$ cat structure-v4.tsv   # TSV, C-alpha atoms
chain	number	residue	atom	x	y	z
B	10	ASP	CA	2.27	-9.32	6.89
B	11	VAL	CA	3.31	-5.85	7.98
B	12	LYS	CA	0.63	-3.24	8.11
B	13	VAL	CA	-0.18	0.39	8.41
B	14	THR	CA	-3.86	0.82	9.22
B	15	GLN	CA	-5.82	4.00	8.81
B	16	SER	CA	-9.01	3.98	10.80
B	17	SER	CA	-11.34	5.32	8.11
B	18	ARG	CA	-11.41	4.98	4.32
B	19	TYR	CA	-13.95	7.76	3.84
B	20	LEU	CA	-14.95	10.67	6.06
B	21	VAL	CA	-17.35	13.56	5.55
B	22	LYS	CA	-17.07	16.45	7.98
B	23	ARG	CA	-18.53	19.92	8.28
B	24	THR	CA	-16.56	23.13	8.07
B	25	GLY	CA	-15.26	24.12	11.49
B	26	GLU	CA	-15.32	20.63	12.96
B	27	LYS	CA	-12.29	19.18	14.71
B	28	VAL	CA	-11.23	16.08	12.82
B	29	PHE	CA	-9.02	13.22	13.97
B	30	LEU	CA	-7.35	10.86	11.51
B	31	GLU	CA	-5.79	7.82	13.13
B	32	CYS	CA	-2.92	5.67	11.92
B	33	VAL	CA	-1.52	2.54	13.54
B	34	GLN	CA	1.48	0.46	12.46
B	35	ASP	CA	2.48	-2.97	13.72
B	36	MET	CA	6.10	-3.01	12.53
B	37	ASP	CA	7.74	-1.23	15.49
B	38	HIS	CA	8.86	1.52	13.11
B	39	GLU	CA	10.38	4.65	14.55
B	40	ASN	CA	9.35	7.04	11.77
B	41	MET	CA	5.78	7.90	10.89
B	42	PHE	CA	4.48	10.39	8.33
B	43	TRP	CA	1.30	12.12	7.23
B	44	TYR	CA	0.87	13.19	3.61
B	45	ARG	CA	-1.96	14.63	1.63
B	46	GLN	CA	-2.44	13.75	-2.00
B	47	ASP	CA	-4.12	16.06	-4.48
B	48	PRO	CA	-4.42	15.66	-8.27
B	49	GLY	CA	-1.46	17.16	-10.09
B	50	LEU	CA	0.35	17.99	-6.84
B	51	GLY	CA	1.56	14.53	-5.87
B	52	LEU	CA	2.22	13.83	-2.21
B	53	ARG	CA	2.92	16.68	0.15
B	54	LEU	CA	4.30	16.09	3.62
B	55	ILE	CA	2.24	17.56	6.44
B	56	TYR	CA	4.09	16.31	9.54
B	57	PHE	CA	6.37	13.52	10.52
B	58	SER	CA	7.51	11.95	13.75
B	59	TYR	CA	10.76	10.12	14.41
B	60	ASP	CA	9.99	9.03	17.95
B	61	VAL	CA	7.29	9.03	20.56
B	62	LYS	CA	6.24	12.59	21.45
B	63	MET	CA	8.58	13.94	18.77
B	64	LYS	CA	7.29	15.71	15.68
B	65	GLU	CA	8.51	17.93	12.91
B	66	LYS	CA	6.67	20.09	10.44
B	67	GLY	CA	6.63	19.04	6.85
B	68	ASP	CA	5.98	21.23	3.84
B	69	ILE	CA	2.34	22.14	4.55
B	70	PRO	CA	1.67	22.02	8.33
B	71	GLU	CA	-0.72	24.98	8.47
B	72	GLY	CA	-4.13	24.02	9.78
B	73	TYR	CA	-2.91	20.66	11.09
B	74	SER	CA	-1.41	19.25	14.25
B	75	VAL	CA	-0.26	15.76	15.21
B	76	SER	CA	0.03	13.54	18.24
B	77	ARG	CA	2.27	10.58	18.90
B	78	GLU	CA	1.77	9.30	22.43
B	79	LYS	CA	2.67	5.70	21.58
B	80	LYS	CA	5.16	4.37	19.08
B	81	GLU	CA	2.59	2.55	17.01
B	82	ARG	CA	0.05	5.37	16.68
B	83	PHE	CA	0.30	8.68	14.87
B	84	SER	CA	-2.74	10.94	14.75
B	85	LEU	CA	-3.40	13.86	12.42
B	86	ILE	CA	-5.70	16.57	13.76
B	87	LEU	CA	-7.50	19.20	11.75
B	88	GLU	CA	-8.21	21.83	14.37
B	89	SER	CA	-11.01	23.50	12.40
B	90	ALA	CA	-11.73	21.75	9.14
B	91	SER	CA	-12.03	23.85	6.00
B	92	THR	CA	-13.12	22.97	2.48
B	93	ASN	CA	-9.56	23.34	1.17
B	94	GLN	CA	-8.59	20.42	3.39
B	95	THR	CA	-10.73	18.09	1.30
B	96	SER	CA	-8.16	15.57	0.12
B	97	MET	CA	-6.77	12.05	0.33
B	98	TYR	CA	-4.66	11.62	3.46
B	99	LEU	CA	-1.95	8.99	3.54
B	100	CYS	CA	-0.07	7.71	6.56
B	101	ALA	CA	3.27	5.93	6.24
B	102	SER	CA	5.94	4.46	8.48
B	103	SER	CA	9.57	3.47	8.06
B	104	ILE	CA	12.58	2.20	9.93
B	105	VAL	CA	15.53	4.39	10.80
B	106	PRO	CA	18.40	4.03	8.29
B	107	GLY	CA	21.07	1.62	9.39
B	108	THR	CA	18.88	-0.40	11.71
B	109	GLY	CA	18.79	-3.41	9.48
B	110	GLY	CA	17.34	-4.63	6.23
B	111	LEU	CA	17.84	-3.30	2.73
B	112	ASN	CA	14.31	-2.13	2.12
B	113	TYR	CA	14.19	1.30	3.64
B	114	GLY	CA	11.12	2.40	1.76
B	115	TYR	CA	7.96	3.56	3.38
B	116	THR	CA	4.98	1.34	4.14
B	117	PHE	CA	1.74	3.18	3.44
B	118	GLY	CA	-1.76	2.83	4.75
B	119	SER	CA	-4.71	2.61	2.36
B	120	GLY	CA	-5.56	6.27	2.76
B	121	THR	CA	-8.47	8.28	4.13
B	122	ARG	CA	-10.50	10.32	1.69
B	123	LEU	CA	-11.77	13.31	3.62
B	124	THR	CA	-14.49	15.57	2.30
B	125	VAL	CA	-15.21	18.82	4.15
B	126	VAL	CA	-18.57	20.35	3.34
S	22	GLY	CA	15.94	22.41	-4.63
S	23	GLU	CA	14.44	18.99	-3.99
S	24	ASP	CA	11.97	18.75	-6.87
S	25	VAL	CA	11.32	15.35	-8.35
S	26	GLU	CA	9.65	15.67	-11.74
S	27	GLN	CA	7.48	13.29	-13.71
S	28	SER	CA	5.03	13.52	-16.58
S	29	LEU	CA	1.45	13.35	-15.34
S	30	PHE	CA	0.00	10.94	-17.90
S	31	LEU	CA	1.06	8.00	-20.06
S	32	SER	CA	-1.12	5.81	-22.28
S	33	VAL	CA	0.14	2.49	-23.60
S	34	ARG	CA	-1.44	-0.32	-25.59
S	35	GLU	CA	-1.83	-3.64	-23.83
S	36	GLY	CA	1.19	-5.83	-24.56
S	37	ASP	CA	3.52	-2.91	-25.35
S	38	SER	CA	6.26	-1.66	-23.07
S	39	SER	CA	5.67	1.30	-20.77
S	40	VAL	CA	8.46	3.67	-19.88
S	41	ILE	CA	7.91	6.08	-17.02
S	42	ASN	CA	10.53	8.77	-16.55
S	43	CYS	CA	11.64	10.78	-13.56
S	44	THR	CA	14.24	13.47	-12.97
S	45	TYR	CA	15.60	14.33	-9.56
S	46	THR	CA	17.91	16.98	-8.22
S	47	ASP	CA	19.87	15.56	-5.28
S	48	SER	CA	22.98	13.90	-6.68
S	49	SER	CA	23.90	12.47	-3.27
S	50	SER	CA	20.79	10.28	-3.04
S	51	THR	CA	21.72	6.74	-2.02
S	52	TYR	CA	18.45	5.05	-2.92
S	53	LEU	CA	15.77	5.87	-5.45
S	54	TYR	CA	12.33	4.32	-5.27
S	55	TRP	CA	9.36	3.52	-7.44
S	56	TYR	CA	5.93	3.26	-5.84
S	57	LYS	CA	2.66	2.08	-7.38
S	58	GLN	CA	-0.76	3.34	-6.35
S	59	GLU	CA	-3.76	1.40	-7.56
S	60	PRO	CA	-7.16	3.11	-7.63
S	61	GLY	CA	-8.50	3.85	-4.16
S	62	ALA	CA	-5.44	2.45	-2.40
S	63	GLY	CA	-2.29	3.64	-0.70
S	64	LEU	CA	1.17	3.46	-2.25
S	65	GLN	CA	3.07	0.19	-2.47
S	66	LEU	CA	6.81	-0.01	-2.85
S	67	LEU	CA	7.37	-1.48	-6.30
S	68	THR	CA	11.15	-1.50	-6.52
S	69	TYR	CA	14.21	0.51	-5.58
S	70	ILE	CA	17.73	0.96	-6.87
S	71	PHE	CA	20.99	1.78	-5.14
S	72	SER	CA	22.79	4.78	-6.54
S	73	ASN	CA	25.87	2.68	-7.35
S	74	MET	CA	23.83	0.66	-9.85
S	75	ASP	CA	22.93	1.57	-13.43
S	76	MET	CA	20.21	-0.98	-13.92
S	77	LYS	CA	18.04	-3.32	-11.92
S	78	GLN	CA	15.75	-5.94	-13.41
S	79	ASP	CA	12.94	-7.74	-11.63
S	80	GLN	CA	10.71	-9.86	-13.86
S	81	ARG	CA	8.80	-7.40	-16.09
S	82	LEU	CA	10.29	-4.36	-14.40
S	83	THR	CA	13.55	-2.69	-15.40
S	84	VAL	CA	14.88	0.35	-13.58
S	85	LEU	CA	17.52	2.46	-15.29
S	86	LEU	CA	19.53	5.10	-13.48
S	87	ASN	CA	21.58	7.80	-15.19
S	88	LYS	CA	23.33	9.62	-12.37
S	89	LYS	CA	25.06	12.08	-14.65
S	90	ASP	CA	21.71	13.37	-15.92
S	91	LYS	CA	19.86	12.61	-12.64
S	92	HIS	CA	17.36	10.59	-14.61
S	93	LEU	CA	15.51	7.52	-13.43
S	94	SER	CA	13.18	5.39	-15.53
S	95	LEU	CA	10.87	2.46	-14.95
S	96	ARG	CA	10.17	0.14	-17.85
S	97	ILE	CA	7.28	-2.30	-17.65
S	98	ALA	CA	7.46	-5.00	-20.30
S	99	ASP	CA	4.30	-6.58	-21.78
S	100	THR	CA	2.04	-4.06	-20.06
S	101	GLN	CA	-1.17	-5.57	-18.70
S	102	THR	CA	-4.47	-4.04	-17.56
S	103	GLY	CA	-3.42	-4.70	-13.96
S	104	ASP	CA	-0.56	-2.27	-14.44
S	105	SER	CA	-3.03	0.63	-14.61
S	106	ALA	CA	-2.05	2.82	-11.69
S	107	ILE	CA	-0.22	5.96	-10.67
S	108	TYR	CA	3.54	5.48	-10.43
S	109	PHE	CA	5.62	7.69	-8.16
S	110	CYS	CA	9.37	8.00	-8.07
S	111	ALA	CA	10.90	9.13	-4.79
S	112	GLU	CA	14.26	10.12	-3.39
S	113	PRO	CA	15.49	10.77	0.14
S	114	PRO	CA	16.85	14.32	0.54
S	115	ARG	CA	20.50	14.80	1.41
S	116	GLY	CA	21.33	11.23	0.54
S	117	PHE	CA	20.02	9.71	3.76
S	118	GLY	CA	18.53	6.26	3.47
S	119	ASN	CA	15.01	6.88	4.47
S	120	GLU	CA	13.75	9.95	6.19
S	121	LYS	CA	11.39	12.33	4.45
S	122	LEU	CA	11.24	10.89	0.99
S	123	THR	CA	10.48	13.47	-1.69
S	124	PHE	CA	7.91	12.18	-4.14
S	125	GLY	CA	7.32	13.14	-7.72
S	126	THR	CA	3.85	14.22	-8.83
S	127	GLY	CA	3.10	10.71	-10.08
S	128	THR	CA	2.48	9.39	-13.61
S	129	ARG	CA	-0.96	7.96	-14.30
S	130	LEU	CA	-0.54	4.95	-16.58
S	131	THR	CA	-3.57	4.07	-18.68
S	132	ILE	CA	-3.72	0.84	-20.65
S	133	ILE	CA	-5.46	0.91	-24.02
S	134	PRO	CA	-7.05	-2.45	-24.91

$ encode --input "structure-v4.tsv" --output "structure tokens"
Amino acid sequence: DVKVTQSSRYLVKRTGEKVFLECVQDMDHENMFWYRQDPGLGLRLIYFSYDVKMKEKGDIPEGYSVSREKKERFSLILESASTNQTSMYLCASSIVPGTGGLNYGYTFGSGTRLTVV
Amino acid sequence: GEDVEQSLFLSVREGDSSVINCTYTDSSSTYLYWYKQEPGAGLQLLTYIFSNMDMKQDQRLTVLLNKKDKHLSLRIADTQTGDSAIYFCAEPPRGFGNEKLTFGTGTRLTIIP
């Protein structure tokens, strides 16, 4: 069974801390994504990566950075956590179009609910 | 723009049909997706439809696509308590198959006993 695993389900951090959210996929997917989910706002893309060491900004990259040193792992970094970064964070992965299979949809992790106090 | 719009809430009596609607803006989209998010969990791909189809049926689920109006709907027949969830429609921008899906705000489906 294919999987995207997020290292923590719940995290509580203090304002100003550096926070690392880890995501690992076992499907050999090229693309990986970080979203945040807030009530009434749906999913908003923070960053995505289409290859090792490659990254692109999404819609709301401010206050975040990412790291992809290995194909299977995509990390989201909050350089200095703030209370407005309290949210549910979702990681996802996908294959590149045309590389086989009809199901091109994303596979999501279970999410990390981050509270910044 | 690339807005995908959905109503935020829907309440349905157990056993009735649920219809969740979505409008999108990119007429070149090749695939359109429905995801389900159960409480405290990530999103799961529920179903998808190719843009050259008008309808797709999978057991209790029926997806209808009206390309002229850029309208997508998900019908759940005989709605059960286990169908309580948030449902997201999603499209890939610029008609590509996969990269950077744009999600709607999600519709929270509540089942009334």

$ residues_around --input "structure-v4.tsv" --residues "Lys64 (chain B)" --least-positions-apart "3" --cutoff "12 Å" --atoms "only C-alpha atoms" --output "list in words"
Glu39, Asn40, Met41, Phe42, Trp43, Ile55, Tyr56, Phe57, Ser58, Tyr59, Asp60, Val61, Gly67, Pro70, Ser74, Val75, Ser76, Arg77, Glu78, Phe83, Ser84 and Leu85 of chain B

$ write_last_selection --input "structure-v4.tsv" --atoms "C-alpha atoms" --output "mmCIF file, in the frame of the given file"
data_model
loop_
_atom_site.group_PDB
_atom_site.id
_atom_site.type_symbol
_atom_site.label_atom_id
_atom_site.label_comp_id
_atom_site.auth_asym_id
_atom_site.auth_seq_id
_atom_site.Cartn_x
_atom_site.Cartn_y
_atom_site.Cartn_z
ATOM 1 C CA GLU B 39 10.380 4.650 14.550
ATOM 2 C CA ASN B 40 9.350 7.040 11.770
ATOM 3 C CA MET B 41 5.780 7.900 10.890
ATOM 4 C CA PHE B 42 4.480 10.390 8.330
ATOM 5 C CA TRP B 43 1.300 12.120 7.230
ATOM 6 C CA ILE B 55 2.240 17.560 6.440
ATOM 7 C CA TYR B 56 4.090 16.310 9.540
ATOM 8 C CA PHE B 57 6.370 13.520 10.520
ATOM 9 C CA SER B 58 7.510 11.950 13.750
ATOM 10 C CA TYR B 59 10.760 10.120 14.410
ATOM 11 C CA ASP B 60 9.990 9.030 17.950
ATOM 12 C CA VAL B 61 7.290 9.030 20.560
ATOM 13 C CA GLY B 67 6.630 19.040 6.850
ATOM 14 C CA PRO B 70 1.670 22.020 8.330
ATOM 15 C CA SER B 74 -1.410 19.250 14.250
ATOM 16 C CA VAL B 75 -0.260 15.760 15.210
ATOM 17 C CA SER B 76 0.030 13.540 18.240
ATOM 18 C CA ARG B 77 2.270 10.580 18.900
ATOM 19 C CA GLU B 78 1.770 9.300 22.430
ATOM 20 C CA PHE B 83 0.300 8.680 14.870
ATOM 21 C CA SER B 84 -2.740 10.940 14.750
ATOM 22 C CA LEU B 85 -3.400 13.860 12.420
#

$ interface_residues --input "structure-v4.tsv" --of "chain B" --to "chain S" --cutoff "12 Å" --atoms "only C-alpha atoms" --output "MDAnalysis selection string"
chainID B and resid 12:15 18:19 38:59 65:68 97:122

$ residues_around --input "structure-v4.tsv" --residues "Glu81 (chain B)" --least-positions-apart "2" --cutoff "7 Å" --atoms "only C-alpha atoms" --output "list of chain:residue names"
B:Val33, B:Gln34, B:Asp35, B:Asp37, B:Lys79, B:Phe83

$ closest_residue --input "structure-v4.tsv" --among "B:Met63, B:Ala90, B:Leu20, B:Arg82" --to "Cys32 (chain B)" --atoms "all atoms listed in the file"
B:Arg82

$ residues_around --input "structure-v4.tsv" --residues "region 72-78 of chain S" --least-positions-apart "6" --cutoff "9 Å" --atoms "only C-alpha atoms" --output "compact mmCIF listing (two decimals) with C-alpha atoms, in the coordinates of the input"
# COMPACT_ATOMS: atom_id res chain seq x y z
CA SER S 49 23.90 12.47 -3.27
CA SER S 50 20.79 10.28 -3.04
CA THR S 51 21.72 6.74 -2.02
CA TYR S 52 18.45 5.05 -2.92
CA LEU S 53 15.77 5.87 -5.45
CA VAL S 84 14.88 0.35 -13.58
CA LEU S 85 17.52 2.46 -15.29
CA LEU S 86 19.53 5.10 -13.48
CA ASN S 87 21.58 7.80 -15.19
CA LYS S 88 23.33 9.62 -12.37

$ build_atoms --input "structure-v4.tsv" --residues "region 25-40 of chain S" --atoms "N, CA and C atoms" --output "tab-separated table (two decimals), in the frame of the given file"
chain	number	residue	atom	x	y	z
S	25	VAL	N	11.28	16.58	-7.59
S	25	VAL	CA	11.32	15.35	-8.35
S	25	VAL	C	10.23	15.46	-9.39
S	26	GLU	N	10.60	15.36	-10.68
S	26	GLU	CA	9.65	15.67	-11.74
S	26	GLU	C	9.27	14.45	-12.56
S	27	GLN	N	8.01	14.35	-12.88
S	27	GLN	CA	7.48	13.29	-13.71
S	27	GLN	C	6.42	13.86	-14.62
S	28	SER	N	6.19	13.20	-15.76
S	28	SER	CA	5.03	13.52	-16.58
S	28	SER	C	3.79	13.02	-15.86
S	29	LEU	N	2.66	13.71	-16.07
S	29	LEU	CA	1.45	13.35	-15.34
S	29	LEU	C	0.73	12.15	-15.93
S	30	PHE	N	0.81	11.98	-17.25
S	30	PHE	CA	0.00	10.94	-17.90
S	30	PHE	C	0.84	10.14	-18.90
S	31	LEU	N	0.48	8.85	-19.03
S	31	LEU	CA	1.06	8.00	-20.06
S	31	LEU	C	0.01	6.98	-20.46
S	32	SER	N	-0.20	6.82	-21.77
S	32	SER	CA	-1.12	5.81	-22.28
S	32	SER	C	-0.34	4.82	-23.14
S	33	VAL	N	-0.60	3.54	-22.91
S	33	VAL	CA	0.14	2.49	-23.60
S	33	VAL	C	-0.84	1.39	-24.00
S	34	ARG	N	-0.61	0.81	-25.16
S	34	ARG	CA	-1.44	-0.32	-25.59
S	34	ARG	C	-1.04	-1.59	-24.83
S	35	GLU	N	-2.04	-2.36	-24.52
S	35	GLU	CA	-1.83	-3.64	-23.83
S	35	GLU	C	-0.82	-4.48	-24.63
S	36	GLY	N	0.17	-5.01	-23.92
S	36	GLY	CA	1.19	-5.83	-24.56
S	36	GLY	C	2.45	-5.06	-24.92
S	37	ASP	N	2.33	-3.74	-25.06
S	37	ASP	CA	3.52	-2.91	-25.35
S	37	ASP	C	4.31	-2.67	-24.07
S	38	SER	N	5.48	-2.05	-24.23
S	38	SER	CA	6.26	-1.66	-23.07
S	38	SER	C	5.89	-0.24	-22.64
S	39	SER	N	5.89	-0.03	-21.33
S	39	SER	CA	5.67	1.30	-20.77
S	39	SER	C	6.99	1.81	-20.21
S	40	VAL	N	7.27	3.06	-20.47
S	40	VAL	CA	8.46	3.67	-19.88
S	40	VAL	C	8.05	4.94	-19.15
